[in-house]
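Inspection log for the structure reproduced underneath, given as structure tokens.
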Amino acid sequence: MSHEVNAATQPGAAATAEETEVSRETGDAFSAFDEGDDSPLAREMIATERQRQALHDAEFPRPSQTRVVVVSNQKGGVGKTTTSVNVAAALAQKGANVLVIDADPQGNASTALGVDHHAGTPSIYDVLLDDVPIHKVAQRCPDIDTLWCVPATIDLAGADIELVSVVSREYRLQRAVADLLDGPGKNLDYIFIDCPPSLGLLTLNAMVVAQEVLIPIQCEYYALEGLTQLINTVEMVRKHLNKDLHLSTIVLTMFDGRTNLAREVAHEVRTHFPRQTLEQTVPRSVRVSEAPSFARTVITHDPHSSGAVAYMSVAKEIAERGRQRDNERGQA
């Protein structure tokens, strides 16, 4: 049992034999502690562990066809890469076949997934500029067998400039992904493309190939300022380059329910984007922040942490919404 749960079983929170027997009968290992502990921290940890167990037992529906999701926000520091890798890891851990394409020259997604991305490593740069097939540069994540990553190296830093003179520059990634899905990647359930914090040619390539846009929004005021510009970019791409692209998901990150600002930002986003905004928010979490330093996602680094549980719940919502859209298309 995790250290978080053990903290709730210290003196002062101990259950009587009768309470323990009741908890066994109800199937809830924590019901005996609910009334005896007034500590907000203990209650929060117990609630998190209950949610984790429910998610562990839940089935995450797999899509009827590959979902290509671009994770984008031109503002940095909003949890874009963190959301990309942890949602991908959560879905893969529940049995889906998932590919993460790291299209950010910083290579942070590659780091978090534990794949090699030093200079000279075959990477997304080779796919975009030299027509190397994606399956030849993809690497399997060492923690999860059904999770792969196309790494980004420092070479990608100049790709926005180099792509300017390339024929069909906006469609380079689309053609590579189409070839992948027609061949070695035909069984993929999800492709997540982690974009740089800009709206240049790398992001444009990602939006041309994707059907869905996922936007992580930090629950602070500045995070809202660039949202209109990003939405306008999505609409421009949909109108001129990719009619299938749509904003499907907004994830509220770094949420602190104790502050009025976080609640106000969340309310504002939900008011304007009620269908796209997920119910689950992602709290600030030390475990989420430290996981990349171990070359892991928080899903495998500390599955009992509040951040891991939140991202598992986000992944479940994404999977269920995809199944709902599949059903709606089937009925149309």
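Labels for the structure tokens follow display order: chains A, B, ..., residues from 1 in each chain, ligands from 1.
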List the neighbours of stretch 313-319 of chain A out to 8 Å using only C-alpha atoms; skip same-chain residues closer than 6 positions along the sequence, and give me the result as a ChimeraX atom specification. /A:55,60-63,87-88,90-91,249,251,278,280-281
Using DSSP on the backbone coordinates, identify all residues within stretch 123-275 of chain A classified as alpha helix (DSSP H); present the result as a PyMOL selection string. chain A and resi 124-130+134-137+159-162+172-182+201-209+222-225+227-240+260-272
List as a ChimeraX atom specification the protein and nucleic acid residues near A:Gly107, meaning an atom at most 12 Å away when only C-alpha atoms are counted, but skip any in the same chain fewer than 6 places from it. /A:81-82,85,100-101,113-119,121,123-125,149-157,194-196,292,295
For the interface of stretch 33-107 of chain A with stretch 199-202 of chain A (cut-off 9 Å, counting only C-alpha atoms), please tabulate each contacting residue of stretch 33-107 of chain A alongside its nearest pair of atoms and their separation in Å to one decimal, rows sorted by chain and increasing number, as a Markdown table.
| residue | atom | partner | partner_atom | distance |
| --- | --- | --- | --- | --- |
| A:Ser72 | CA | A:Leu199 | CA | 8.7 |
| A:Asn73 | CA | A:Leu199 | CA | 8.3 |
| A:Gln74 | CA | A:Leu199 | CA | 6.2 |
| A:Ala103 | CA | A:Leu202 | CA | 6.7 |
| A:Asp104 | CA | A:Leu202 | CA | 8.0 |
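Among the candidates A:Asp160, A:Lys186, A:Arg329, A:Met312, the residue lying nearest to A:Thr300 is A:Met312 (atoms considered: only C-alpha atoms).
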Residue nearest A:Val209 - candidates A:Tyr311, A:Phe192, A:Phe294, A:Phe255, atoms counted: only C-alpha atoms: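 When distances to A:Val209 are compared using only C-alpha atoms, the smallest one comes from A:Phe192.
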Apply DSSP to the backbone of this structure and, from stretch 176-229 of chain A, keep only the residues in strand (DSSP E or B); write these as number ranges by chain. A: 190-194, 212-218
Would you pick out the contacts of A:Asn86 at 7 Å or less, using only C-alpha atoms, so that residues sharing its chain but fewer than 5 positions from it are not included, and give the list as a PyMOL selection string? chain A and resi 297-299+311
For the selection just defined, write its residues with N, CA and C atoms to a file, as a compact mmCIF listing (two decimals), in the first residue's frame.
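Generated file (out28.txt):
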# COMPACT_ATOMS: atom_id res chain seq x y z
N THR A 297 7.50 9.23 -17.03
CA THR A 297 6.28 10.00 -16.82
C THR A 297 5.84 9.77 -15.38
N VAL A 298 4.96 10.63 -14.89
CA VAL A 298 4.48 10.44 -13.51
C VAL A 298 3.61 9.19 -13.40
N ILE A 299 3.08 8.73 -14.52
CA ILE A 299 2.23 7.53 -14.52
C ILE A 299 3.01 6.32 -14.02
N TYR A 311 -4.01 12.65 -14.29
CA TYR A 311 -3.77 12.39 -15.71
C TYR A 311 -4.41 11.09 -16.18
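Straight-line separation from atom CA of A:Ala109 to atom CA of A:Gln139: 12.4 Å.
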When you look at stretch 140-146 of chain A with a cut-off of 6 Å (counting only C-alpha atoms), what residues show up, excluding the ones that are within fewer than 2 positions of it in the same chain? I need them as a VMD selection string. chain A and resid 92 97 113 148
